[in-house]
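The next block is model_23.cif, given as mmCIF, C-alpha atoms and all ligand atoms.
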data_run
loop_
_atom_site.label_atom_id
_atom_site.label_comp_id
_atom_site.auth_asym_id
_atom_site.auth_seq_id
_atom_site.Cartn_x
_atom_site.Cartn_y
_atom_site.Cartn_z
CA MET A 63 17.56 -13.77 -10.42
CA SER A 64 18.90 -11.18 -12.80
CA GLU A 65 16.95 -8.10 -11.73
CA SER A 66 17.85 -6.25 -14.91
CA HIS A 67 15.56 -8.60 -16.88
CA ASN A 68 12.64 -7.89 -14.59
CA ARG A 69 9.92 -5.80 -16.28
CA ILE A 70 9.16 -3.76 -13.16
CA CYS A 71 12.84 -3.07 -12.42
CA GLN A 72 13.20 -1.87 -16.01
CA LEU A 73 10.02 0.22 -15.93
CA PHE A 74 10.94 2.01 -12.68
CA ASN A 75 14.73 1.85 -13.08
CA ILE A 76 15.18 0.15 -9.69
CA GLN A 77 17.38 -2.70 -8.46
CA TYR A 78 14.85 -5.01 -6.74
CA PRO A 79 11.23 -5.84 -7.68
CA LEU A 80 10.18 -4.83 -4.18
CA ILE A 81 7.84 -1.89 -3.67
CA GLN A 82 6.78 -0.29 -0.41
CA ALA A 83 3.06 0.48 -0.35
CA GLY A 84 1.79 4.04 -0.03
CA MET A 85 0.00 4.08 3.33
CA ILE A 86 -1.83 7.03 4.87
CA TRP A 87 -0.22 8.34 8.07
CA CYS A 88 2.62 5.82 7.84
CA SER A 89 4.61 6.46 4.67
CA GLY A 90 6.21 9.88 4.44
CA TRP A 91 9.51 10.90 2.83
CA GLU A 92 11.70 9.20 5.48
CA LEU A 93 10.29 5.75 4.68
CA ALA A 94 10.04 6.28 0.91
CA ALA A 95 13.63 7.54 0.67
CA ALA A 96 14.95 4.69 2.85
CA VAL A 97 13.31 2.03 0.69
CA SER A 98 14.44 3.66 -2.56
CA ASN A 99 18.00 4.07 -1.23
CA ALA A 100 18.00 0.33 -0.40
CA GLY A 101 17.20 -0.58 -4.02
CA GLY A 102 13.42 -1.00 -3.84
CA LEU A 103 10.76 1.58 -4.72
CA GLY A 104 9.59 3.84 -1.90
CA ILE A 105 6.15 5.46 -2.03
CA ILE A 106 4.83 8.56 -0.27
CA GLY A 107 1.19 8.02 0.78
CA SER A 108 -0.43 11.36 -0.09
CA GLY A 109 -4.00 10.50 1.02
CA SER A 110 -3.45 11.89 4.51
CA MET A 111 -1.47 14.99 3.46
CA TYR A 112 -2.80 18.49 2.87
CA PRO A 113 -1.43 19.90 -0.45
CA GLU A 114 1.30 22.01 1.20
CA ILE A 115 2.41 18.99 3.27
CA LEU A 116 2.79 16.89 0.13
CA GLU A 117 4.95 19.58 -1.45
CA GLU A 118 7.20 19.71 1.62
CA GLN A 119 7.44 15.90 1.60
CA LEU A 120 8.46 15.83 -2.06
CA ILE A 121 11.21 18.40 -1.52
CA LYS A 122 12.59 16.43 1.45
CA CYS A 123 12.38 13.11 -0.39
CA LYS A 124 14.35 14.47 -3.34
CA GLN A 125 17.01 15.72 -0.91
CA ALA A 126 17.19 12.32 0.80
CA THR A 127 17.47 10.13 -2.31
CA ASN A 128 18.55 10.44 -5.91
CA LYS A 129 16.80 7.14 -6.70
CA PRO A 130 13.31 6.89 -8.23
CA PHE A 131 10.39 7.09 -5.80
CA ALA A 132 6.61 7.31 -6.21
CA VAL A 133 3.51 8.93 -4.76
CA ASN A 134 0.30 7.04 -4.00
CA LEU A 135 -2.78 9.05 -4.84
CA PRO A 136 -6.14 7.72 -3.55
CA MET A 137 -8.62 9.13 -6.05
CA LEU A 138 -11.15 9.78 -3.29
CA TYR A 139 -8.84 12.52 -2.04
CA PRO A 140 -10.77 15.82 -1.82
CA ASP A 141 -8.04 18.12 -3.23
CA ILE A 142 -6.80 15.76 -5.92
CA ASP A 143 -6.27 18.52 -8.54
CA LYS A 144 -3.81 20.25 -6.24
CA HIS A 145 -1.93 17.02 -5.55
CA ILE A 146 -1.69 16.34 -9.31
CA GLN A 147 -0.25 19.83 -9.92
CA THR A 148 2.32 19.38 -7.14
CA ILE A 149 3.33 15.95 -8.47
CA ILE A 150 3.85 17.36 -11.97
CA LYS A 151 5.67 20.44 -10.68
CA HIS A 152 8.14 18.32 -8.72
CA LYS A 153 8.65 15.83 -11.57
CA VAL A 154 7.71 12.78 -9.49
CA PRO A 155 8.70 9.87 -11.78
CA ILE A 156 5.95 7.38 -10.81
CA VAL A 157 2.38 7.67 -9.46
CA PHE A 158 0.32 4.83 -7.99
CA THR A 159 -3.39 5.67 -8.23
CA SER A 160 -6.01 3.80 -6.20
CA ALA A 161 -9.67 3.84 -5.22
CA GLY A 162 -11.09 5.40 -8.39
CA ASN A 163 -11.29 5.35 -12.17
CA PRO A 164 -7.83 5.13 -13.82
CA LYS A 165 -9.15 6.86 -16.96
CA THR A 166 -9.43 10.19 -15.16
CA TRP A 167 -5.76 11.10 -14.65
CA THR A 168 -3.58 8.54 -16.45
CA LYS A 169 -3.23 10.43 -19.74
CA LEU A 170 -2.37 13.77 -18.14
CA LEU A 171 0.24 12.20 -15.86
CA GLN A 172 1.82 10.24 -18.73
CA GLU A 173 1.91 13.35 -20.94
CA ASN A 174 4.04 14.85 -18.20
CA GLY A 175 6.50 11.95 -18.33
CA ILE A 176 5.10 10.16 -15.28
CA LYS A 177 4.66 6.37 -15.16
CA VAL A 178 1.21 5.40 -13.86
CA VAL A 179 0.36 2.28 -11.88
CA HIS A 180 -3.19 1.55 -10.77
CA VAL A 181 -4.21 -0.57 -7.77
CA VAL A 182 -7.06 -3.08 -8.29
CA SER A 183 -8.66 -5.92 -6.34
CA SER A 184 -10.33 -7.84 -9.17
CA VAL A 185 -9.80 -9.13 -12.71
CA LYS A 186 -12.55 -6.83 -14.01
CA PHE A 187 -10.79 -3.70 -12.71
CA ALA A 188 -7.39 -4.98 -13.88
CA ARG A 189 -8.77 -5.17 -17.44
CA LYS A 190 -10.25 -1.67 -17.14
CA ALA A 191 -6.95 -0.26 -15.89
CA GLU A 192 -5.07 -1.87 -18.77
CA GLU A 193 -7.60 -0.39 -21.21
CA ALA A 194 -7.07 3.02 -19.58
CA GLY A 195 -3.41 2.76 -20.62
CA VAL A 196 -1.68 2.45 -17.25
CA ASP A 197 1.94 1.24 -17.28
CA ALA A 198 1.48 -1.49 -14.66
CA ILE A 199 -1.07 -2.88 -12.23
CA VAL A 200 -1.00 -3.68 -8.52
CA ALA A 201 -3.42 -6.53 -7.78
CA GLU A 202 -4.19 -6.51 -4.08
CA GLY A 203 -5.70 -9.53 -2.35
CA PHE A 204 -8.03 -9.93 0.63
CA GLU A 205 -5.11 -10.24 3.07
CA ALA A 206 -4.11 -6.59 2.59
CA GLY A 207 -4.54 -3.89 5.22
CA GLY A 208 -6.49 -0.68 4.80
CA HIS A 209 -8.99 -0.26 1.98
CA ASN A 210 -9.70 -3.48 0.20
CA GLY A 211 -11.94 -5.13 -2.40
CA ARG A 212 -15.45 -6.33 -1.62
CA ASP A 213 -15.07 -9.76 -3.22
CA GLU A 214 -12.62 -11.20 -0.67
CA THR A 215 -10.43 -12.74 -3.39
CA THR A 216 -7.15 -13.82 -1.81
CA THR A 217 -3.77 -12.93 -3.30
CA PHE A 218 -3.18 -16.63 -4.01
CA CYS A 219 -6.24 -16.74 -6.30
CA LEU A 220 -6.18 -13.18 -7.61
CA ILE A 221 -2.63 -13.05 -9.02
CA PRO A 222 -2.89 -15.99 -11.47
CA MET A 223 -6.30 -14.77 -12.66
CA VAL A 224 -5.10 -11.20 -13.24
CA LYS A 225 -1.92 -12.55 -14.86
CA ALA A 226 -4.05 -14.48 -17.37
CA ALA A 227 -6.17 -11.39 -18.13
CA ILE A 228 -3.55 -8.70 -18.76
CA LYS A 229 -0.29 -8.22 -20.65
CA ILE A 230 1.26 -5.27 -18.79
CA PRO A 231 3.53 -5.78 -15.76
CA LEU A 232 1.83 -7.03 -12.60
CA ILE A 233 2.67 -6.27 -8.98
CA ALA A 234 1.22 -8.53 -6.27
CA ALA A 235 0.07 -7.09 -2.95
CA GLY A 236 -1.68 -8.42 0.13
CA GLY A 237 -0.14 -10.79 2.66
CA ILE A 238 3.46 -10.41 1.50
CA GLY A 239 6.03 -9.54 4.16
CA THR A 240 8.89 -12.01 3.72
CA GLY A 241 11.26 -13.19 0.99
CA ARG A 242 9.35 -16.48 0.89
CA GLY A 243 6.07 -14.65 0.36
CA MET A 244 7.68 -12.53 -2.35
CA LEU A 245 8.93 -15.62 -4.19
CA ALA A 246 5.52 -17.28 -3.87
CA ALA A 247 3.77 -14.24 -5.37
CA MET A 248 6.24 -14.11 -8.23
CA ASN A 249 5.78 -17.84 -8.86
CA LEU A 250 2.06 -17.11 -9.20
CA GLY A 251 2.82 -14.73 -12.05
CA ALA A 252 3.67 -11.35 -10.52
CA ASP A 253 6.65 -9.37 -11.84
CA ALA A 254 7.13 -7.69 -8.45
CA VAL A 255 5.56 -7.33 -5.04
CA GLN A 256 4.21 -4.47 -2.97
CA VAL A 257 4.67 -4.67 0.80
CA GLY A 258 2.77 -2.50 3.27
CA SER A 259 2.37 -3.85 6.82
CA ARG A 260 6.02 -4.86 7.21
CA PHE A 261 7.09 -1.28 6.48
CA VAL A 262 4.53 0.19 8.91
CA THR A 263 6.74 -1.31 11.63
CA SER A 264 9.97 0.06 10.14
CA THR A 265 12.03 2.62 12.04
CA GLU A 266 11.34 5.27 9.38
CA SER A 267 7.56 4.80 9.27
CA SER A 268 5.58 7.73 10.66
CA ALA A 269 3.12 5.37 12.38
CA HIS A 270 2.84 6.06 16.13
CA GLU A 271 5.02 3.88 18.37
CA ASN A 272 1.86 2.57 20.16
CA PHE A 273 0.51 1.32 16.83
CA LYS A 274 3.85 -0.29 15.93
CA GLN A 275 4.00 -2.13 19.28
CA TYR A 276 0.36 -3.23 18.96
CA ILE A 277 1.17 -4.74 15.55
CA LEU A 278 4.17 -6.61 16.99
CA ALA A 279 1.93 -8.02 19.75
CA SER A 280 -0.80 -9.10 17.32
CA GLU A 281 -1.34 -12.68 16.22
CA GLU A 282 -3.05 -14.60 13.45
CA GLY A 283 -6.76 -13.80 13.45
CA ASP A 284 -6.40 -10.35 15.00
CA THR A 285 -7.36 -8.40 11.85
CA MET A 286 -10.76 -8.31 10.15
CA LEU A 287 -12.23 -6.77 7.01
CA THR A 288 -15.16 -4.57 7.97
CA LEU A 289 -17.32 -1.62 6.84
CA LYS A 290 -18.15 -3.15 3.45
CA GLU A 291 -21.24 -0.91 3.35
CA LEU A 292 -18.97 2.16 3.29
CA THR A 293 -15.41 1.51 2.07
CA PRO A 294 -14.21 -1.98 3.06
CA VAL A 295 -11.20 -1.76 5.34
CA ARG A 296 -9.04 -4.32 7.18
CA LEU A 297 -8.43 -3.32 10.79
CA LEU A 298 -6.65 -4.65 13.84
CA LYS A 299 -9.26 -5.51 16.47
CA ASN A 300 -9.61 -2.96 19.26
CA GLU A 301 -12.36 -1.12 21.15
CA PHE A 302 -13.40 0.80 18.01
CA TYR A 303 -13.68 -2.48 16.08
CA THR A 304 -15.80 -3.93 18.94
CA GLN A 305 -18.09 -0.86 18.74
CA LEU A 306 -18.57 -1.57 15.05
CA GLN A 307 -19.38 -5.23 15.72
CA SER A 308 -22.00 -4.26 18.33
CA ALA A 309 -23.52 -1.83 15.83
CA TYR A 310 -23.73 -4.59 13.21
CA GLN A 311 -25.39 -6.91 15.75
CA SER A 312 -28.02 -4.31 16.55
CA GLY A 313 -28.77 -3.89 12.83
CA ALA A 314 -27.03 -0.55 12.16
CA ASP A 315 -27.63 0.80 8.66
CA LYS A 316 -25.12 2.58 6.41
CA ASP A 317 -25.85 6.02 7.92
CA LYS A 318 -25.40 4.74 11.45
CA LEU A 319 -22.08 3.07 10.54
CA SER A 320 -20.92 6.27 8.89
CA GLU A 321 -21.85 8.22 12.02
CA ILE A 322 -19.88 5.80 14.23
CA LEU A 323 -16.84 6.04 11.93
CA GLY A 324 -16.93 9.83 11.98
CA ARG A 325 -13.89 11.68 10.68
CA GLY A 326 -10.18 11.38 11.30
CA ARG A 327 -10.22 7.92 12.95
CA ALA A 328 -7.26 6.70 10.92
CA LYS A 329 -5.17 9.67 12.07
CA LYS A 330 -6.24 9.09 15.67
CA GLY A 331 -5.22 5.44 15.66
CA MET A 332 -2.23 5.17 13.36
CA PHE A 333 -0.61 8.60 13.78
CA GLU A 334 -1.66 9.71 17.27
CA GLY A 335 -1.49 6.23 18.79
CA ASP A 336 -5.00 6.06 20.26
CA LEU A 337 -5.39 2.28 20.39
CA VAL A 338 -8.91 2.49 21.87
CA GLU A 339 -10.83 4.89 19.63
CA GLY A 340 -8.60 4.92 16.56
CA GLU A 341 -8.83 3.00 13.29
CA LEU A 342 -5.81 0.65 13.02
CA GLU A 343 -5.33 -0.34 9.38
CA ILE A 344 -3.01 -3.31 8.89
CA GLY A 345 -2.85 -6.54 6.87
CA GLN A 346 -3.15 -10.18 7.95
CA ILE A 347 0.64 -10.56 7.78
CA ALA A 348 0.78 -8.42 10.98
CA GLY A 349 0.67 -11.69 12.95
CA LEU A 350 4.08 -12.61 11.51
CA ILE A 351 5.84 -9.32 12.27
CA GLU A 352 8.05 -9.51 15.34
CA LYS A 353 10.37 -6.54 15.41
CA ILE A 354 10.89 -2.96 14.34
CA MET A 355 13.70 -2.71 11.81
CA PRO A 356 15.18 -0.01 9.58
CA ALA A 357 13.45 -0.13 6.18
CA GLY A 358 16.73 -0.77 4.35
CA GLU A 359 17.32 -3.86 6.49
CA ILE A 360 13.80 -5.11 5.73
CA VAL A 361 14.61 -4.83 2.00
CA GLN A 362 17.94 -6.65 2.45
CA GLU A 363 16.41 -9.36 4.64
CA MET A 364 13.57 -10.00 2.20
CA MET A 365 15.89 -10.12 -0.82
CA GLY A 366 18.31 -12.42 1.07
CA GLU A 367 15.52 -14.85 1.97
CA PHE A 368 14.11 -14.64 -1.56
CA HIS A 369 17.43 -15.78 -3.07
CA GLN A 370 18.05 -18.38 -0.37
CA VAL A 371 14.66 -20.05 -0.89
CA LEU A 372 15.02 -19.82 -4.66
CA ASN A 373 18.31 -21.73 -4.36
CA GLU A 374 16.77 -24.34 -2.06
CA GLN A 375 13.96 -24.88 -4.55
CA LYS A 376 16.45 -25.94 -7.21
CA ASN A 377 16.92 -29.18 -5.23
CA TYR A 378 13.19 -29.97 -4.94
CA LEU A 379 12.99 -32.19 -8.01
P1 LIG B 1 -11.36 10.95 7.00
O1 LIG B 1 -12.36 11.61 6.11
O2 LIG B 1 -11.81 10.22 8.19
O3 LIG B 1 -10.33 12.08 7.51
C1 LIG B 1 -9.62 12.87 6.62
C2 LIG B 1 -8.22 12.90 7.18
O4 LIG B 1 -7.33 13.30 6.16
C3 LIG B 1 -8.10 13.86 8.34
O5 LIG B 1 -7.39 13.24 9.38
C4 LIG B 1 -7.34 15.05 7.74
O6 LIG B 1 -6.35 15.56 8.59
C5 LIG B 1 -6.61 14.45 6.53
N1 LIG B 1 -6.57 15.31 5.34
C6 LIG B 1 -5.49 15.47 4.56
N2 LIG B 1 -5.75 16.27 3.54
C7 LIG B 1 -7.03 16.63 3.64
C8 LIG B 1 -7.89 17.47 2.88
N3 LIG B 1 -7.48 18.08 1.79
N4 LIG B 1 -9.18 17.62 3.28
C9 LIG B 1 -9.64 17.00 4.38
N5 LIG B 1 -8.86 16.20 5.15
C10 LIG B 1 -7.58 16.02 4.78
O7 LIG B 1 -10.49 10.03 6.01
P2 LIG B 1 -9.38 8.91 6.28
O8 LIG B 1 -8.45 9.37 7.34
O9 LIG B 1 -10.02 7.59 6.47
O10 LIG B 1 -8.67 8.91 4.85
C11 LIG B 1 -7.98 10.02 4.32
C12 LIG B 1 -7.64 9.73 2.84
O11 LIG B 1 -6.84 8.57 2.71
C13 LIG B 1 -8.80 9.54 1.91
O12 LIG B 1 -8.49 10.16 0.68
C14 LIG B 1 -8.88 8.05 1.72
O13 LIG B 1 -9.40 7.70 0.47
C15 LIG B 1 -7.45 7.65 1.85
N6 LIG B 1 -7.34 6.33 2.42
C16 LIG B 1 -6.65 5.37 1.76
C17 LIG B 1 -6.52 4.13 2.27
C18 LIG B 1 -5.84 3.05 1.52
O14 LIG B 1 -5.79 1.94 1.98
N7 LIG B 1 -5.32 3.30 0.33
C19 LIG B 1 -7.03 3.77 3.59
C20 LIG B 1 -7.79 4.81 4.19
C21 LIG B 1 -7.90 6.05 3.61
P3 LIG B 1 -6.70 16.55 9.83
O15 LIG B 1 -7.39 15.68 10.83
O16 LIG B 1 -5.34 16.95 10.30
O17 LIG B 1 -7.54 17.67 9.29
#

Now, as a test, write the supplied structure out as structure tokens.
Ligand code: NDP
Amino acid sequence: MSESHNRICQLFNIQYPLIQAGMIWCSGWELAAAVSNAGGLGIIGSGSMYPEILEEQLIKCKQATNKPFAVNLPMLYPDIDKHIQTIIKHKVPIVFTSAGNPKTWTKLLQENGIKVVHVVSSVKFARKAEEAGVDAIVAEGFEAGGHNGRDETTTFCLIPMVKAAIKIPLIAAGGIGTGRGMLAAMNLGADAVQVGSRFVTSTESSAHENFKQYILASEEGDTMLTLKELTPVRLLKNEFYTQLQSAYQSGADKDKLSEILGRGRAKKGMFEGDLVEGELEIGQIAGLIEKIMPAGEIVQEMMGEFHQVLNEQKNYL
């Protein structure tokens, strides 16, 4: 594949159409810079960072790479205005917005020379994001970890439907962690892919070692989408997940679920390594991940497999 003809590579000025997802508590400057230095696009997940932490992260990221990188901004974030100011001040080239209305910030960011990508989980929201003027869309299927759509549309079904509905570049996410998966998603109509779970287990990820090892030990069927009444989230099963299931069985309402969730569970599980009480956000592809690798090697391995399988496919017919 000639990457230079790829719409996403052109838009972001990167070598490979391979993007690392912005993930709270897991993707700081070390991971983002490593992925960008390897030719993909690294993303700092700002949802778990206080404003001064984000600023520090941006300064370090710019010191660690001269390649483009991005920031993911969940629009539910309480101090979003401050994050926006910091992003503009530090001339971040690309912002991925998620969990909110893309109309709110797209224009302001673009007026400041920033490319805006919005994350959606349905055709309806993909159309809305295109109307809001974003530069590209991430369509994320049911397989994905962390916050997810309510409709349970899988990546395999979502990508062709979104592709048919929009004209702007499309990035597939959810269930992609190998070169084969990347090729499959691009055959379905995506211009590029976004990979989260695989990079959670990279050397440079800020996820706690306990969480990384628990992911490696997990198998098919070990993650579930839950808490649809609040914000749907895919979690690795653990004691906290079992507590939630018991609450559902005894008819817990939204308030009760919210009380059980409490505050800071994601930090506890993913960053502090509490595998019992913490929230462990990861995608279905976790069952396929077998070792911790440097992020740059993950990029190289995925691109190598992508090209190898693409070559093999030439002999299919
Ligand atoms: P909680 O409300 O349970 O906890 C907030 C956490 O964020 C705390 O651990 C806190 O750190 C930290 N934090 C960082 N900045 C702030 C701030 N300005 N005000 C308050 N807390 C802050 O939320 P979650 O941990 O579940 O999620 C945090 C953010 O990440 C939200 O914006 C959410 O939308 C986003 N998110 C995105 C996901 C995705 O898949 N895209 C998945 C889950 C969450 P401390 O404990 O050190 O005070």

Next item on the list: Find the residues near ligand LIG 1 (chain B). Use a cut-off of 9 Å, count all atoms listed in the file, and write them as an NGL selection string.
Entry: :A and (83-87 or 107-113 or 115 or 134-142 or 160-161 or 206-210 or 293 or 295-296 or 323-330 or 341 or 343)

Item checked: Pick from A:Leu372, A:Ala95, A:Met365, A:Ala254 nearest to His67 (chain A), counting all atoms listed in the file -> A:Ala254

Can I get the residues of region 180-293 of chain A within 12 Å of region 308-322 of chain A, each with the closest pair of atoms and their distance in Å to one decimal, using only C-alpha atoms, sorted chain first then ascending number, as CSV?
residue,atom,partner,partner_atom,distance
A:Thr288,CA,A:Tyr310,CA,10.0
A:Leu289,CA,A:Leu319,CA,7.6
A:Lys290,CA,A:Lys316,CA,9.5
A:Glu291,CA,A:Lys316,CA,6.0
A:Leu292,CA,A:Lys316,CA,6.9
A:Thr293,CA,A:Ser320,CA,10.0

Checklist line | Selected residue, from A:Ser98, A:Cys88, A:Ile70, A:Gln375, that lies nearest to Leu245 (chain A) when counting only C-alpha atoms | finding: A:Gln375

Next item on the list: Point out the residue among A:Ile81, A:Thr148, A:Lys124, A:Leu116 with the least atom-to-atom distance to Val179 (chain A), counting all atoms listed in the file.
Entry: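 Under the stated criterion, the closest residue is A:Ile81.
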
Next item on the list: Find, counting all atoms listed in the file, the residue in A:Val338, A:Val178, A:Leu297, A:Arg189 that gets nearest to Leu73 (chain A).
Entry: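 Closest to Leu73 (chain A) of all the choices is A:Val178.
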
Checklist line | Exercise: residues within 10 Å of coordinate (3.1, -14.1, -0.8), counting all atoms listed in the file, as number ranges by chain | finding: A: 205, 217-218, 234-250, 255-257, 347

Item checked: For CA of Ala126 (chain A) and CA of Glu114 (chain A), the interatomic separation in Å (one decimal) ->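 Interatomic distance here is 18.6 Å.
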
Checklist line | Point-to-point distance in Å for CA of Ile277 (chain A) and CA of Ile351 (chain A) | finding: 7.3 Å

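Reported to one decimal place, the separation of CA of Val97 (chain A) from CA of Glu363 (chain A) is 12.4 Å.
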
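With only C-alpha atoms as the atoms that count, the residue of A:Lys165, A:Arg69, A:Lys186, A:Arg212 with the shortest distance to Ala227 (chain A) is A:Lys186.
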
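With only C-alpha atoms as the atoms that count, the minimum distance from Thr285 (chain A) to the choices A:Ala252, A:Leu306, A:Ile344, A:Val196 is reached by A:Ile344.
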
Check: What lies within 12 Å of Thr168 (chain A) using only C-alpha atoms, ignoring chain neighbours under 4 positions off, as a list in words?
Finding: Leu135, Met137, Ile146, Ile156, Val157, Phe158, Thr159, Ser160, Gly162, Asn163, Pro164, Gln172, Glu173, Asn174, Gly175, Ile176, Lys177, Val178, Val179, His180, Ala191, Glu192, Glu193, Ala194, Gly195, Val196, Asp197 and Ala198 of chain A

Item checked: 12 Å contact set for Ile354 (chain A), all atoms listed in the file, chain neighbours under 4 positions out, as an MDAnalysis selection string -> chainID A and resid 259:267 269 271 273:279 348 358:360
